[in-house]
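Source file entry_3.txt; content: compact mmCIF, C-alpha atoms.
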```
# COMPACT_ATOMS: atom_id res chain seq x y z
CA MET O 21 5.63 14.45 22.35
CA ALA O 22 6.21 11.05 23.99
CA PRO O 23 3.40 8.49 23.62
CA THR O 24 1.30 7.50 26.59
CA ALA O 25 1.51 3.91 27.86
CA SER O 26 -1.63 2.96 25.92
CA GLU O 27 -0.95 4.92 22.71
CA ILE O 28 -0.04 3.27 19.43
CA VAL O 29 3.36 4.10 18.00
CA VAL O 30 3.63 3.75 14.22
CA HIS O 31 7.18 3.13 13.08
CA HIS O 32 6.81 4.91 9.77
CA LEU O 33 9.17 4.54 6.82
CA ASN O 34 8.88 7.13 4.08
CA ASP O 35 7.35 5.93 0.78
CA SER O 36 6.18 2.67 2.28
CA ARG O 37 3.16 0.61 3.22
CA SER O 38 3.09 2.26 6.64
CA GLN O 39 1.21 5.18 5.07
CA ARG O 40 -1.91 3.01 4.89
CA ILE O 41 -1.71 2.52 8.67
CA LEU O 42 -1.71 6.27 9.24
CA TRP O 43 -4.76 6.63 6.99
CA LEU O 44 -6.65 3.96 8.94
CA LEU O 45 -5.83 5.54 12.31
CA GLU O 46 -6.94 8.96 11.08
CA GLU O 47 -10.23 7.57 9.76
CA LEU O 48 -10.88 5.91 13.12
CA GLY O 49 -9.76 8.91 15.16
CA VAL O 50 -7.39 6.74 17.21
CA PRO O 51 -4.58 8.63 18.98
CA TYR O 52 -1.11 7.61 17.84
CA THR O 53 2.48 8.76 17.70
CA ILE O 54 4.74 8.52 14.66
CA LYS O 55 8.40 7.56 14.82
CA LYS O 56 9.84 8.35 11.41
CA TYR O 57 12.56 6.49 9.54
CA GLN O 58 14.14 7.46 6.22
CA ARG O 59 15.19 5.11 3.47
CA THR O 60 18.91 4.81 2.82
CA PRO O 61 20.48 5.95 -0.47
CA SER O 62 19.85 2.36 -1.64
CA HIS O 63 16.12 2.90 -0.94
CA VAL O 64 15.97 0.26 1.79
CA ALA O 65 14.91 0.64 5.42
CA PRO O 66 17.62 1.78 7.85
CA GLU O 67 19.24 -0.71 10.20
CA GLU O 68 17.70 0.98 13.24
CA LEU O 69 14.30 -0.54 12.39
CA LYS O 70 15.72 -3.95 13.36
CA ALA O 71 15.76 -2.72 16.94
CA VAL O 72 11.95 -2.60 16.73
CA HIS O 73 11.34 -5.82 14.78
CA PRO O 74 13.87 -8.48 13.72
CA LEU O 75 13.07 -8.13 10.01
CA GLY O 76 13.67 -4.39 10.05
CA THR O 77 10.83 -3.53 7.68
CA ALA O 78 7.85 -1.20 7.88
CA PRO O 79 5.15 -0.89 8.94
CA VAL O 80 5.58 -1.89 12.54
CA ILE O 81 3.45 -0.70 15.44
CA THR O 82 3.92 -0.90 19.16
CA ASP O 83 0.88 -0.77 21.41
CA GLY O 84 1.84 -1.22 25.02
CA ALA O 85 3.48 -4.63 25.25
CA VAL O 86 2.47 -5.53 21.68
CA THR O 87 4.89 -5.19 18.79
CA LEU O 88 3.35 -6.11 15.45
CA ALA O 89 4.57 -6.08 11.85
CA GLU O 90 2.89 -6.86 8.50
CA SER O 91 0.29 -4.47 7.07
CA GLY O 92 -2.57 -6.97 7.06
CA ALA O 93 -1.96 -8.09 10.62
CA ILE O 94 -1.63 -4.49 11.84
CA ILE O 95 -4.83 -3.38 10.13
CA GLU O 96 -6.81 -6.34 11.47
CA TYR O 97 -5.41 -5.75 14.97
CA ILE O 98 -6.34 -2.05 14.94
CA VAL O 99 -9.81 -2.73 13.53
CA ARG O 100 -10.52 -5.43 16.11
CA LYS O 101 -9.25 -3.43 19.08
CA TYR O 102 -10.15 0.13 18.11
CA GLY O 103 -12.58 -0.06 15.20
CA ASP O 104 -15.77 0.06 17.23
CA GLY O 105 -17.68 -1.33 14.25
CA LYS O 106 -16.68 1.54 11.96
CA VAL O 107 -14.73 -0.58 9.46
CA ARG O 108 -17.15 -3.50 9.32
CA PRO O 109 -18.30 -4.43 5.80
CA PRO O 110 -21.98 -5.00 5.03
CA ALA O 111 -23.06 -8.63 5.08
CA SER O 112 -23.23 -8.62 1.29
CA GLY O 113 -19.59 -7.52 1.08
CA GLU O 114 -17.95 -9.73 3.70
CA VAL O 115 -16.49 -12.16 1.17
CA ASP O 116 -15.19 -9.35 -1.05
CA ASP O 117 -13.63 -7.68 1.97
CA LEU O 118 -11.93 -10.94 2.98
CA TYR O 119 -10.72 -11.65 -0.55
CA TYR O 120 -9.27 -8.24 -1.40
CA THR O 121 -7.70 -7.88 2.06
CA HIS O 122 -5.53 -10.93 1.35
CA TYR O 123 -5.31 -10.54 -2.42
CA ALA O 124 -3.61 -7.11 -2.17
CA GLU O 125 -0.30 -8.45 -0.86
CA GLY O 126 -0.75 -12.13 -1.71
CA SER O 127 -1.32 -11.87 -5.48
CA PHE O 128 -1.36 -8.29 -6.76
CA MET O 129 1.59 -6.60 -5.06
CA PRO O 130 4.17 -9.30 -5.96
CA LEU O 131 3.57 -8.63 -9.66
CA ILE O 132 4.05 -4.89 -9.14
CA VAL O 133 7.26 -5.49 -7.17
CA ASN O 134 8.60 -7.83 -9.87
CA ARG O 135 8.01 -5.16 -12.48
CA LEU O 136 9.76 -2.58 -10.31
CA ILE O 137 12.77 -4.87 -9.85
CA LEU O 138 13.08 -5.20 -13.61
CA SER O 139 13.17 -1.43 -14.04
CA ILE O 140 15.83 -1.17 -11.32
CA LEU O 141 17.94 -3.74 -13.16
CA VAL O 142 18.02 -1.46 -16.18
CA ASP O 143 18.89 1.63 -14.15
CA LYS O 144 21.66 -0.15 -12.22
CA SER O 145 23.23 -2.01 -15.15
CA PRO O 146 26.58 -0.78 -16.53
CA PHE O 147 26.17 1.76 -19.29
CA PHE O 148 27.78 -0.36 -22.02
CA ILE O 149 25.39 -3.30 -21.53
CA ARG O 150 22.31 -1.26 -20.62
CA PRO O 151 20.73 -1.49 -24.11
CA VAL O 152 20.92 -5.29 -23.97
CA VAL O 153 19.55 -5.42 -20.41
CA SER O 154 16.79 -3.00 -21.38
CA LEU O 155 15.78 -5.16 -24.32
CA LEU O 156 15.79 -8.32 -22.19
CA VAL O 157 13.78 -6.66 -19.42
CA SER O 158 11.29 -5.31 -21.93
CA GLN O 159 10.73 -8.81 -23.29
CA ILE O 160 10.26 -10.30 -19.82
CA ALA O 161 7.80 -7.56 -18.86
CA SER O 162 5.79 -7.65 -22.09
CA ARG O 163 5.56 -11.43 -22.29
CA GLY O 164 5.48 -12.44 -18.64
CA ILE O 165 4.47 -9.76 -16.16
CA ASP O 166 2.35 -7.24 -18.07
CA PRO O 167 -0.21 -9.76 -19.41
CA ARG O 168 -0.77 -10.99 -15.87
CA LEU O 169 -1.00 -7.46 -14.51
CA LYS O 170 -3.56 -6.60 -17.18
CA LEU O 171 -5.62 -9.60 -16.11
CA HIS O 172 -5.52 -8.39 -12.52
CA THR O 173 -6.27 -4.75 -13.30
CA LYS O 174 -9.21 -5.79 -15.49
CA MET O 175 -10.65 -7.74 -12.56
CA ILE O 176 -10.13 -4.81 -10.19
CA GLU O 177 -11.68 -2.34 -12.63
CA GLU O 178 -14.75 -4.52 -13.09
CA HIS O 179 -15.08 -5.00 -9.35
CA ILE O 180 -14.99 -1.26 -8.66
CA VAL O 181 -17.52 -0.62 -11.43
CA GLY O 182 -19.80 -3.26 -9.93
CA SER O 183 -19.56 -1.96 -6.37
CA PRO O 184 -22.70 -0.04 -5.36
CA THR O 185 -20.62 2.54 -3.47
CA GLY O 186 -17.21 2.29 -5.14
CA TRP O 187 -15.57 0.71 -2.08
CA PHE O 188 -14.22 -2.82 -2.35
CA ALA O 189 -16.75 -4.28 0.10
CA GLY O 190 -19.60 -2.14 -1.20
CA GLY O 191 -20.20 -0.40 2.10
CA GLU O 192 -20.59 3.26 2.95
CA GLY O 193 -16.91 3.74 3.68
CA PRO O 194 -13.51 2.06 3.42
CA THR O 195 -13.00 -1.32 5.01
CA THR O 196 -9.96 -3.52 5.55
CA ALA O 197 -9.83 -4.33 1.83
CA ASP O 198 -9.53 -0.65 0.91
CA TYR O 199 -6.75 0.00 3.41
CA MET O 200 -4.85 -2.94 1.92
CA MET O 201 -5.55 -2.26 -1.75
CA ILE O 202 -4.69 1.44 -1.79
CA PHE O 203 -0.91 1.03 -1.64
CA ALA O 204 -0.79 -1.44 -4.51
CA LEU O 205 -2.99 0.78 -6.66
CA GLU O 206 -0.90 3.84 -5.78
CA ALA O 207 2.30 2.00 -6.65
CA LEU O 208 0.95 0.87 -10.01
CA SER O 209 -0.46 4.36 -10.65
CA LYS O 210 3.03 5.76 -10.31
CA GLN O 211 4.90 2.95 -12.05
CA SER O 212 2.60 2.01 -14.94
CA PRO O 213 -0.55 4.17 -14.98
CA GLU O 214 -1.46 2.89 -18.44
CA LEU O 215 -2.28 -0.49 -16.88
CA LEU O 216 -5.03 0.94 -14.65
CA GLY O 217 -8.59 1.49 -15.81
CA PRO O 218 -10.34 4.86 -15.40
CA HIS O 219 -12.48 3.75 -12.48
CA SER O 220 -9.44 2.41 -10.65
CA LYS O 221 -7.65 5.73 -11.13
CA ALA O 222 -10.75 7.58 -9.94
CA TYR O 223 -10.85 5.30 -6.88
CA VAL O 224 -7.29 6.28 -5.94
CA GLU O 225 -8.11 9.95 -6.41
CA ARG O 226 -11.20 9.58 -4.24
CA VAL O 227 -9.11 8.09 -1.45
CA HIS O 228 -6.56 10.89 -1.81
CA ASN O 229 -9.33 13.47 -1.48
CA ARG O 230 -10.55 12.14 1.86
CA PRO O 231 -9.72 14.53 4.74
CA ALA O 232 -8.37 11.70 6.90
CA TYR O 233 -6.02 10.61 4.11
CA GLN O 234 -4.74 14.15 3.61
CA ILE O 235 -4.09 14.54 7.34
CA ALA O 236 -2.21 11.23 7.30
CA ILE O 237 -0.03 12.56 4.47
CA GLU O 238 0.66 15.78 6.37
CA LYS O 239 1.70 13.84 9.46
CA GLY O 240 3.61 11.13 7.63
CA GLY O 241 5.64 13.48 5.46
CA GLU O 242 6.91 13.10 1.90
CA TYR O 243 5.04 10.36 0.05
CA SER O 244 5.76 10.10 -3.66
CA PHE O 245 2.91 7.63 -4.31
CA ALA O 246 0.34 10.36 -3.64
CA ARG O 247 1.37 12.20 -6.82
CA LEU O 248 -0.83 11.01 -9.65
```
Show how you would write the structure in this file as structure tokens.
Amino acid sequence: MAPTASEIVVHHLNDSRSQRILWLLEELGVPYTIKKYQRTPSHVAPEELKAVHPLGTAPVITDGAVTLAESGAIIEYIVRKYGDGKVRPPASGEVDDLYYTHYAEGSFMPLIVNRLILSILVDKSPFFIRPVVSLLVSQIASRGIDPRLKLHTKMIEEHIVGSPTGWFAGGEGPTTADYMMIFALEALSKQSPELLGPHSKAYVERVHNRPAYQIAIEKGGEYSFARL
């Protein structure tokens, strides 16, 4: 079905951050259309996404004359225009909501991506030098990345434990911070579940059990990060 002139189109790449946009739209009950893209055999976005946005990455939305990329910007745009107060944090959680909204991609996700790149280096290295590369990567991860990730996951675990409702802003439902944090926690749950605390794992499971999230998965298609 073609979108109406005023309907949001989500340019959705499989196994990507665009899944969080679908979850948000389902929670808000905002009509939208999905245009799906599949990763190439090299696991990158297809060239056709560059016709939507110059960087050719996902998520991207179009809403009438507006074309917008970047998860944080998209979520804030949707919440401001269509949220109708539903995603607003309580006054006591406004600072936490602000912090974790920007922390998710600004500080946490880069560490997870760096760790993923290291694992890819091992998989893609020639067979005869793979043991050496594996040893080197293991040293970099254990001495450089993992200690920092443990520091981050400890902070996240303590924050979730201290939240009166289990949401990052302490409100009755998810806010911008939750829509931003979920992908990073899902990615780490798949990549290195031993680094996440029990309450953080339970948080991810609670999100996955929400009806709106499950509908978003059904509409978005295959999403490997939902398998815990």
Notebook entry, point to check: Using all atoms listed in the file, which residue out of O:Glu47, O:His122, O:Glu177, O:Val29 lies closest to Gln234 of chain O?
Noted result: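 The shortest atom-to-atom distance to Gln234 of chain O comes from O:Glu47.
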Check: When distances are computed from all atoms listed in the file, which of O:Ala207, O:Val30, O:Ala222, O:Ala78 shows the smallest separation from Val64 of chain O?
Finding: O:Ala78
Next item on the list: Would you work out the distance separating atom CA of Gly182 of chain O from atom CA of Ala93 of chain O, expressed in Å to one decimal?
Entry: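 Straight-line distance from atom CA of Gly182 of chain O to atom CA of Ala93 of chain O works out to 27.6 Å.
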Note to self: Between atom CA of Leu205 of chain O and atom CA of Val50 of chain O, what is the distance in Å, rounded to a tenth?
What the structure shows: 25.0 Å
Notebook entry, point to check: If we count all atoms listed in the file, what is near Pro231 of chain O at a cut-off of 9 Å, once residues fewer than 4 positions away on the same chain are taken out, given as a VMD selection string?
Noted result: chain O and resid 46 to 47 227 235 to 236
Next item on the list: Write out as a ChimeraX atom specification the residues lying within 8 Å of segment 183-186 of chain O, counting all atoms listed in the file and excluding same-chain residues fewer than 5 positions away.
Entry: /O:191-192,223
Export of prior selection with C-alpha atoms as a CSV table (one decimal), in the coordinates of the input:
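In the end it all went to selection-v4.csv:
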```csv
chain,number,residue,atom,x,y,z
O,191,GLY,CA,-20.2,-0.4,2.1
O,192,GLU,CA,-20.6,3.3,3.0
O,223,TYR,CA,-10.8,5.3,-6.9
```
Item checked: Nearby residues (all atoms listed in the file) at most 8 Å from Gly240 of chain O, same-chain spacing under 5 positions excluded, as a list in words -> His32, Asn34, Gln39, Leu42, Ile54 and Lys56 of chain O
Note to self: To one decimal place in Å, what is the distance between atom CA of Leu136 of chain O and atom CA of Lys55 of chain O?
What the structure shows: 27.1 Å
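Among the candidates O:Trp43, O:Tyr57, O:Phe128, O:Phe188, the residue lying nearest to Val115 of chain O is O:Phe188 (atoms considered: all atoms listed in the file).
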Compile a residue-level contact table for segment 35-97 of chain O against segment 194-197 of chain O at a cut-off of 10 Å, reporting for every qualifying residue the shortest atom pair and its distance in Å to one decimal, with only C-alpha atoms counted, rows ordered by chain and ascending number, as CSV.
```
residue,atom,partner,partner_atom,distance
O:Leu44,CA,O:Thr196,CA,8.9
O:Glu47,CA,O:Pro194,CA,9.0
O:Gly92,CA,O:Thr196,CA,8.3
O:Ile95,CA,O:Thr196,CA,6.9
O:Glu96,CA,O:Thr196,CA,7.3
```
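Using all atoms listed in the file, the nearest neighbour of Thr53 of chain O within the list O:Val99, O:Ala124, O:Pro213, O:Lys239 is O:Lys239.
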Check: Using all atoms listed in the file, which of O:Asp116, O:Glu90, O:Asp83, O:Glu214 sits nearest Arg40 of chain O?
Finding: O:Glu90
Check: What's the 12 Å shell around His172 of chain O, counting only C-alpha atoms, without same-chain residues fewer than 2 positions away, as a list in words?
Finding: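 Near His172 of chain O, the qualifying residues are Tyr120, Tyr123, Ala124, Ser127, Phe128, Met129, Pro130, Leu131, Ile132, Ile165, Asp166, Pro167, Arg168, Leu169, Lys170, Lys174, Met175, Ile176, Glu177, Glu178, His179, Ala204, Leu205, Leu208, Leu215, Leu216, Gly217 and Ser220 of chain O.
In this comparison, which uses all atoms listed in the file, the residue of O:Ala111, O:Ile28, O:Val224, O:Leu45 approaching Gly84 of chain O most closely is O:Ile28.
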N, CA, C and O atoms for segment 164-187 of chain O, written as a PDB file, in the coordinates of the input, could you do that?
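Output below, filename part.pdb:
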```pdb
ATOM      1  N   GLY O 164       5.740 -11.723 -19.880  1.00  0.00           N
ATOM      2  CA  GLY O 164       5.480 -12.440 -18.640  1.00  0.00           C
ATOM      3  C   GLY O 164       4.649 -11.682 -17.625  1.00  0.00           C
ATOM      4  O   GLY O 164       3.598 -12.154 -17.173  1.00  0.00           O
ATOM      5  N   ILE O 165       5.094 -10.474 -17.271  1.00  0.00           N
ATOM      6  CA  ILE O 165       4.470  -9.760 -16.160  1.00  0.00           C
ATOM      7  C   ILE O 165       3.269  -8.931 -16.597  1.00  0.00           C
ATOM      8  O   ILE O 165       2.200  -8.974 -15.978  1.00  0.00           O
ATOM      9  N   ASP O 166       3.426  -8.151 -17.663  1.00  0.00           N
ATOM     10  CA  ASP O 166       2.350  -7.240 -18.070  1.00  0.00           C
ATOM     11  C   ASP O 166       1.036  -7.941 -18.427  1.00  0.00           C
ATOM     12  O   ASP O 166      -0.039  -7.464 -18.042  1.00  0.00           O
ATOM     13  N   PRO O 167       1.074  -9.069 -19.151  1.00  0.00           N
ATOM     14  CA  PRO O 167      -0.210  -9.760 -19.410  1.00  0.00           C
ATOM     15  C   PRO O 167      -0.920 -10.177 -18.133  1.00  0.00           C
ATOM     16  O   PRO O 167      -2.148 -10.093 -18.045  1.00  0.00           O
ATOM     17  N   ARG O 168      -0.151 -10.600 -17.134  1.00  0.00           N
ATOM     18  CA  ARG O 168      -0.770 -10.990 -15.870  1.00  0.00           C
ATOM     19  C   ARG O 168      -1.294  -9.770 -15.121  1.00  0.00           C
ATOM     20  O   ARG O 168      -2.378  -9.805 -14.535  1.00  0.00           O
ATOM     21  N   LEU O 169      -0.521  -8.686 -15.164  1.00  0.00           N
ATOM     22  CA  LEU O 169      -1.000  -7.460 -14.510  1.00  0.00           C
ATOM     23  C   LEU O 169      -2.276  -6.954 -15.170  1.00  0.00           C
ATOM     24  O   LEU O 169      -3.192  -6.494 -14.477  1.00  0.00           O
ATOM     25  N   LYS O 170      -2.354  -7.052 -16.476  1.00  0.00           N
ATOM     26  CA  LYS O 170      -3.560  -6.600 -17.180  1.00  0.00           C
ATOM     27  C   LYS O 170      -4.762  -7.442 -16.779  1.00  0.00           C
ATOM     28  O   LYS O 170      -5.882  -6.929 -16.666  1.00  0.00           O
ATOM     29  N   LEU O 171      -4.538  -8.718 -16.570  1.00  0.00           N
ATOM     30  CA  LEU O 171      -5.620  -9.600 -16.110  1.00  0.00           C
ATOM     31  C   LEU O 171      -6.114  -9.159 -14.732  1.00  0.00           C
ATOM     32  O   LEU O 171      -7.325  -9.093 -14.475  1.00  0.00           O
ATOM     33  N   HIS O 172      -5.172  -8.827 -13.865  1.00  0.00           N
ATOM     34  CA  HIS O 172      -5.520  -8.390 -12.520  1.00  0.00           C
ATOM     35  C   HIS O 172      -6.223  -7.035 -12.533  1.00  0.00           C
ATOM     36  O   HIS O 172      -7.238  -6.846 -11.847  1.00  0.00           O
ATOM     37  N   THR O 173      -5.670  -6.087 -13.291  1.00  0.00           N
ATOM     38  CA  THR O 173      -6.270  -4.750 -13.300  1.00  0.00           C
ATOM     39  C   THR O 173      -7.649  -4.740 -13.949  1.00  0.00           C
ATOM     40  O   THR O 173      -8.504  -3.934 -13.586  1.00  0.00           O
ATOM     41  N   LYS O 174      -7.869  -5.650 -14.885  1.00  0.00           N
ATOM     42  CA  LYS O 174      -9.210  -5.790 -15.490  1.00  0.00           C
ATOM     43  C   LYS O 174     -10.202  -6.265 -14.431  1.00  0.00           C
ATOM     44  O   LYS O 174     -11.322  -5.750 -14.329  1.00  0.00           O
ATOM     45  N   MET O 175      -9.782  -7.246 -13.616  1.00  0.00           N
ATOM     46  CA  MET O 175     -10.650  -7.740 -12.560  1.00  0.00           C
ATOM     47  C   MET O 175     -10.961  -6.641 -11.552  1.00  0.00           C
ATOM     48  O   MET O 175     -12.116  -6.462 -11.136  1.00  0.00           O
ATOM     49  N   ILE O 176      -9.942  -5.883 -11.166  1.00  0.00           N
ATOM     50  CA  ILE O 176     -10.130  -4.810 -10.190  1.00  0.00           C
ATOM     51  C   ILE O 176     -11.061  -3.738 -10.746  1.00  0.00           C
ATOM     52  O   ILE O 176     -11.970  -3.264 -10.063  1.00  0.00           O
ATOM     53  N   GLU O 177     -10.841  -3.362 -11.997  1.00  0.00           N
ATOM     54  CA  GLU O 177     -11.680  -2.340 -12.630  1.00  0.00           C
ATOM     55  C   GLU O 177     -13.135  -2.784 -12.652  1.00  0.00           C
ATOM     56  O   GLU O 177     -14.041  -2.009 -12.297  1.00  0.00           O
ATOM     57  N   GLU O 178     -13.382  -4.015 -13.036  1.00  0.00           N
ATOM     58  CA  GLU O 178     -14.750  -4.520 -13.090  1.00  0.00           C
ATOM     59  C   GLU O 178     -15.372  -4.598 -11.705  1.00  0.00           C
ATOM     60  O   GLU O 178     -16.574  -4.359 -11.539  1.00  0.00           O
ATOM     61  N   HIS O 179     -14.544  -4.931 -10.712  1.00  0.00           N
ATOM     62  CA  HIS O 179     -15.080  -5.000  -9.350  1.00  0.00           C
ATOM     63  C   HIS O 179     -15.493  -3.620  -8.852  1.00  0.00           C
ATOM     64  O   HIS O 179     -16.567  -3.459  -8.249  1.00  0.00           O
ATOM     65  N   ILE O 180     -14.661  -2.626  -9.090  1.00  0.00           N
ATOM     66  CA  ILE O 180     -14.990  -1.260  -8.660  1.00  0.00           C
ATOM     67  C   ILE O 180     -16.241  -0.758  -9.374  1.00  0.00           C
ATOM     68  O   ILE O 180     -17.124  -0.145  -8.759  1.00  0.00           O
ATOM     69  N   VAL O 181     -16.328  -1.029 -10.665  1.00  0.00           N
ATOM     70  CA  VAL O 181     -17.520  -0.620 -11.430  1.00  0.00           C
ATOM     71  C   VAL O 181     -18.770  -1.275 -10.862  1.00  0.00           C
ATOM     72  O   VAL O 181     -19.833  -0.656 -10.775  1.00  0.00           O
ATOM     73  N   GLY O 182     -18.648  -2.530 -10.433  1.00  0.00           N
ATOM     74  CA  GLY O 182     -19.800  -3.260  -9.930  1.00  0.00           C
ATOM     75  C   GLY O 182     -20.155  -2.988  -8.482  1.00  0.00           C
ATOM     76  O   GLY O 182     -21.208  -3.421  -8.007  1.00  0.00           O
ATOM     77  N   SER O 183     -19.278  -2.271  -7.768  1.00  0.00           N
ATOM     78  CA  SER O 183     -19.560  -1.960  -6.370  1.00  0.00           C
ATOM     79  C   SER O 183     -20.624  -0.869  -6.286  1.00  0.00           C
ATOM     80  O   SER O 183     -20.517   0.155  -6.951  1.00  0.00           O
ATOM     81  N   PRO O 184     -21.639  -1.056  -5.454  1.00  0.00           N
ATOM     82  CA  PRO O 184     -22.700  -0.040  -5.360  1.00  0.00           C
ATOM     83  C   PRO O 184     -22.224   1.294  -4.801  1.00  0.00           C
ATOM     84  O   PRO O 184     -22.843   2.331  -5.040  1.00  0.00           O
ATOM     85  N   THR O 185     -21.110   1.296  -4.071  1.00  0.00           N
ATOM     86  CA  THR O 185     -20.620   2.540  -3.470  1.00  0.00           C
ATOM     87  C   THR O 185     -19.215   2.910  -3.944  1.00  0.00           C
ATOM     88  O   THR O 185     -18.720   3.984  -3.608  1.00  0.00           O
ATOM     89  N   GLY O 186     -18.576   2.021  -4.684  1.00  0.00           N
ATOM     90  CA  GLY O 186     -17.210   2.290  -5.140  1.00  0.00           C
ATOM     91  C   GLY O 186     -16.144   1.788  -4.202  1.00  0.00           C
ATOM     92  O   GLY O 186     -14.961   1.790  -4.546  1.00  0.00           O
ATOM     93  N   TRP O 187     -16.528   1.320  -2.997  1.00  0.00           N
ATOM     94  CA  TRP O 187     -15.570   0.710  -2.080  1.00  0.00           C
ATOM     95  C   TRP O 187     -15.512  -0.787  -2.337  1.00  0.00           C
ATOM     96  O   TRP O 187     -16.472  -1.377  -2.849  1.00  0.00           O
TER      97      TRP O 187
END
```
